[in-house]
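Undergrad: Could you have a look at this structure, given as structure tokens, before my questions?
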Amino acid sequence: MGTFNTLIAVVDCVNCNKPFTQEIQFKYATVWQYLYNVGDKLTRTNNYYDIGKPGTKVKACGISADNICPNCDFINEEDFDLFIENDVIIGVNYAEDLSIYFDTEGDFVEYE
Ligand SMILES: [Zn+2]
């Protein structure tokens, strides 16, 4: 288990549709236990722990640490896509297709 960053995001439960806060771990930009919200610019220190590069549009693979809905106890999907443009987190959603990450090192893919 290496280090990771965490996105704190409000996501709707797919069962009861009520929003709840999830902590979603991901590895992109400088990976060093940073906490982020949607809209934040990611930190880069240009060292060994930097993943990807600025100026690109990527989906990063995220895994939720608390995907159980506090309202109805439904176990939601734990996998997420984080949408990142030029190192700014612009959105997050339940992962559409995890296989897109298989061809790379698994942390992120560029997309148009
Ligand atoms: Zn629920």
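Chain labels run A, B, ... following the order of the structure tokens; each chain numbers its residues from 1, and ligands are numbered from 1 in the order shown.
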Which protein, DNA or RNA residues have an atom within 8 Å of ligand 1, counting only C-alpha atoms and all ligand atoms, as a ChimeraX atom specification?

TA: /A:12-19,68-74

Undergrad: Excluding A:Asn67 and any residue of its chain fewer than 5 positions from it, enumerate the residues within 8 Å of it, using only C-alpha atoms, and give them as a CSV table (one decimal) with N, CA and C atoms, in the first residue's frame.

TA:
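Generated file (around-v1.csv):
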chain,number,residue,atom,x,y,z
A,22,GLN,N,-18.1,11.1,0.7
A,22,GLN,CA,-17.2,10.0,0.6
A,22,GLN,C,-15.8,10.5,0.5
A,75,ILE,N,-24.5,-0.7,-0.1
A,75,ILE,CA,-23.1,-0.7,-0.4
A,75,ILE,C,-23.0,-0.3,-1.9
A,76,ASN,N,-22.6,1.0,-2.1
A,76,ASN,CA,-22.4,1.6,-3.4
A,76,ASN,C,-21.1,1.1,-4.0
A,77,GLU,N,-20.9,1.2,-5.3
A,77,GLU,CA,-19.7,0.9,-6.0
A,77,GLU,C,-18.5,1.7,-5.3
A,78,GLU,N,-17.4,1.1,-5.2
A,78,GLU,CA,-16.2,1.8,-4.6
A,78,GLU,C,-15.3,2.4,-5.6

Undergrad: I want to know what sits within 9 Å of A:Val38, based on only C-alpha atoms, with residues of the same chain fewer than 5 positions away left out; could you give that as JSON, numbers by chain?

TA: {"A": [7, 8, 9, 88, 89, 90, 91, 92]}

Undergrad: Kindly export the residues of the current selection with N, CA and C atoms, as an mmCIF file, in the first residue's frame.

TA:
data_model
loop_
_atom_site.group_PDB
_atom_site.id
_atom_site.type_symbol
_atom_site.label_atom_id
_atom_site.label_comp_id
_atom_site.auth_asym_id
_atom_site.auth_seq_id
_atom_site.Cartn_x
_atom_site.Cartn_y
_atom_site.Cartn_z
ATOM 1 N N LEU A 7 -9.837 12.708 -2.342
ATOM 2 C CA LEU A 7 -10.872 13.662 -2.733
ATOM 3 C C LEU A 7 -12.065 13.476 -1.803
ATOM 4 N N ILE A 8 -12.490 14.556 -1.166
ATOM 5 C CA ILE A 8 -13.677 14.510 -0.324
ATOM 6 C C ILE A 8 -14.836 15.045 -1.157
ATOM 7 N N ALA A 9 -15.784 14.163 -1.467
ATOM 8 C CA ALA A 9 -16.836 14.546 -2.410
ATOM 9 C C ALA A 9 -18.195 14.078 -1.929
ATOM 10 N N VAL A 88 -6.770 20.507 -12.319
ATOM 11 C CA VAL A 88 -7.900 20.919 -11.494
ATOM 12 C C VAL A 88 -8.949 19.802 -11.521
ATOM 13 N N ILE A 89 -9.428 19.402 -10.344
ATOM 14 C CA ILE A 89 -10.468 18.371 -10.277
ATOM 15 C C ILE A 89 -11.794 19.011 -10.672
ATOM 16 N N ILE A 90 -12.342 18.621 -11.823
ATOM 17 C CA ILE A 90 -13.575 19.266 -12.290
ATOM 18 C C ILE A 90 -14.815 18.411 -12.021
ATOM 19 N N GLY A 91 -14.635 17.157 -11.652
ATOM 20 C CA GLY A 91 -15.804 16.348 -11.364
ATOM 21 C C GLY A 91 -15.421 14.945 -10.938
ATOM 22 N N VAL A 92 -16.424 14.222 -10.448
ATOM 23 C CA VAL A 92 -16.204 12.833 -10.033
ATOM 24 C C VAL A 92 -17.503 12.070 -10.232
#

Undergrad: Need the shell around A:Asp79: protein/DNA/RNA residues with any atom at most 6 Å away, counting only C-alpha atoms. Skip same-chain ones fewer than 6 positions apart. Format as a CSV table (one decimal) with N, CA and C atoms, in the first residue's frame?

TA:
chain,number,residue,atom,x,y,z
A,62,GLY,N,-10.3,6.3,-8.9
A,62,GLY,CA,-10.4,6.6,-7.5
A,62,GLY,C,-11.1,5.4,-6.8
A,63,ILE,N,-10.8,5.2,-5.6
A,63,ILE,CA,-11.4,4.1,-4.8
A,63,ILE,C,-11.9,4.7,-3.5
A,95,ALA,N,-17.3,4.9,-11.5
A,95,ALA,CA,-16.6,4.5,-12.6
A,95,ALA,C,-17.5,3.9,-13.7

Undergrad: Counting only C-alpha atoms, which of A:Glu110, A:Asp87, A:Glu23, A:Asp97 gets nearest to A:Ser64?

TA: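 Using only C-alpha atoms, A:Ser64 sits closest to A:Glu23.
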
Undergrad: Check the smallest atom-to-atom distance from each of A:Leu98, A:Val31, A:Ala60, A:Ile24 to A:Asn46 using only C-alpha atoms, then report the winner.

TA: A:Val31

Undergrad: Out of A:Val11, A:Val109, A:Leu82, A:Ala29, which residue has the shortest atom-to-atom distance to A:Thr45 when counting only C-alpha atoms?

TA: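 The answer is A:Ala29, which sits nearest to A:Thr45.
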
Undergrad: Hey, what's within 7 Å of A:Cys61 if we count only C-alpha atoms and toss same-chain stuff fewer than 6 positions away? As a PyMOL selection string, please?

TA: chain A and resi 26+80-82+107-108

Undergrad: What's the 8 Å shell around A:Asn5, counting only C-alpha atoms, without same-chain residues fewer than 6 positions away, as a list in words?

TA: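 The contact residues come out as Gln25, Phe26, Lys27, Tyr28, Val31, Trp32, Gln33, Tyr34, Leu35 and Tyr36 of chain A.
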
Undergrad: Using N, CA and C atoms, can you write the selected residues to a file as an mmCIF file, in the first residue's frame?

TA:
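Dumped everything to part-v1.cif:
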data_model
loop_
_atom_site.group_PDB
_atom_site.id
_atom_site.type_symbol
_atom_site.label_atom_id
_atom_site.label_comp_id
_atom_site.auth_asym_id
_atom_site.auth_seq_id
_atom_site.Cartn_x
_atom_site.Cartn_y
_atom_site.Cartn_z
ATOM 1 N N GLN A 25 -9.880 7.830 -2.638
ATOM 2 C CA GLN A 25 -8.418 7.836 -2.748
ATOM 3 C C GLN A 25 -8.002 7.735 -4.212
ATOM 4 N N PHE A 26 -6.995 8.502 -4.585
ATOM 5 C CA PHE A 26 -6.503 8.450 -5.960
ATOM 6 C C PHE A 26 -5.018 8.802 -5.991
ATOM 7 N N LYS A 27 -4.417 8.485 -7.143
ATOM 8 C CA LYS A 27 -2.991 8.775 -7.316
ATOM 9 C C LYS A 27 -2.823 9.601 -8.577
ATOM 10 N N TYR A 28 -2.664 10.901 -8.392
ATOM 11 C CA TYR A 28 -2.400 11.800 -9.513
ATOM 12 C C TYR A 28 -1.788 13.077 -8.966
ATOM 13 N N VAL A 31 1.683 12.815 -5.076
ATOM 14 C CA VAL A 31 0.945 11.871 -4.234
ATOM 15 C C VAL A 31 1.537 11.895 -2.834
ATOM 16 N N TRP A 32 0.837 12.585 -1.925
ATOM 17 C CA TRP A 32 1.397 12.729 -0.582
ATOM 18 C C TRP A 32 0.311 13.058 0.437
ATOM 19 N N GLN A 33 -0.748 12.255 0.475
ATOM 20 C CA GLN A 33 -1.793 12.399 1.500
ATOM 21 C C GLN A 33 -2.462 13.774 1.501
ATOM 22 N N TYR A 34 -2.533 14.407 0.315
ATOM 23 C CA TYR A 34 -3.240 15.672 0.242
ATOM 24 C C TYR A 34 -4.741 15.440 0.243
ATOM 25 N N LEU A 35 -5.487 16.395 0.828
ATOM 26 C CA LEU A 35 -6.948 16.343 0.818
ATOM 27 C C LEU A 35 -7.471 17.399 -0.143
ATOM 28 N N TYR A 36 -8.440 17.003 -0.981
ATOM 29 C CA TYR A 36 -8.979 17.922 -1.973
ATOM 30 C C TYR A 36 -10.500 17.863 -2.006
#

Undergrad: What does the distance between atom CA of A:Tyr111 and atom CA of A:Lys57 come to in Å, to one decimal place?

TA: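 According to the coordinates, atom CA of A:Tyr111 and atom CA of A:Lys57 are separated by 6.0 Å.
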
Undergrad: From the options A:Val58, A:Ile84, A:Ala65, A:Val10, which residue's atoms come nearest to A:Leu42, counting only C-alpha atoms?

TA: A:Ile84

Undergrad: DSSP on the backbone, strand (DSSP E) only: what residues of chain A does that give? Format it as a ChimeraX atom specification.

TA: /A:5-12,19-26,29-30,35-36,50-51,57-64,79-85,88-94,108-110

Undergrad: Of the candidates A:Asp66, A:Glu96, A:Glu85, A:Asp40, which shows the shortest atom-to-atom distance to A:Glu112, using only C-alpha atoms?

TA: A:Glu85

Undergrad: Stretch 2-110 of chain A: which residues are helix (DSSP H, G or I) by DSSP, as a PyMOL selection string?

TA: chain A and resi 98-101

Undergrad: I need the chosen residues saved as a tab-separated table (two decimals), in the first residue's frame, with all heavy atoms.

TA:
chain	number	residue	atom	x	y	z
A	98	LEU	N	-13.83	0.30	-15.75
A	98	LEU	CA	-12.51	0.21	-15.14
A	98	LEU	C	-11.44	-0.29	-16.10
A	98	LEU	O	-10.25	-0.06	-15.90
A	98	LEU	CB	-12.56	-0.73	-13.93
A	98	LEU	CG	-13.12	-0.16	-12.64
A	98	LEU	CD1	-13.06	-1.23	-11.56
A	98	LEU	CD2	-12.35	1.08	-12.21
A	99	SER	N	-11.86	-0.96	-17.18
A	99	SER	CA	-10.87	-1.55	-18.09
A	99	SER	C	-10.04	-0.47	-18.80
A	99	SER	O	-8.97	-0.77	-19.31
A	99	SER	CB	-11.54	-2.46	-19.12
A	99	SER	OG	-12.30	-1.70	-20.04
A	100	ILE	N	-10.53	0.78	-18.81
A	100	ILE	CA	-9.74	1.84	-19.46
A	100	ILE	C	-8.41	2.04	-18.74
A	100	ILE	O	-7.47	2.54	-19.32
A	100	ILE	CB	-10.48	3.19	-19.53
A	100	ILE	CG1	-10.79	3.74	-18.13
A	100	ILE	CG2	-11.77	3.07	-20.36
A	100	ILE	CD1	-11.32	5.16	-18.12
A	101	TYR	N	-8.35	1.66	-17.49
A	101	TYR	CA	-7.12	1.86	-16.71
A	101	TYR	C	-6.14	0.69	-16.83
A	101	TYR	O	-5.01	0.79	-16.40
A	101	TYR	CB	-7.46	2.09	-15.24
A	101	TYR	CG	-8.33	3.30	-15.00
A	101	TYR	CD1	-9.65	3.16	-14.61
A	101	TYR	CD2	-7.84	4.59	-15.19
A	101	TYR	CE1	-10.46	4.27	-14.39
A	101	TYR	CE2	-8.64	5.70	-14.99
A	101	TYR	CZ	-9.94	5.53	-14.58
A	101	TYR	OH	-10.74	6.63	-14.38
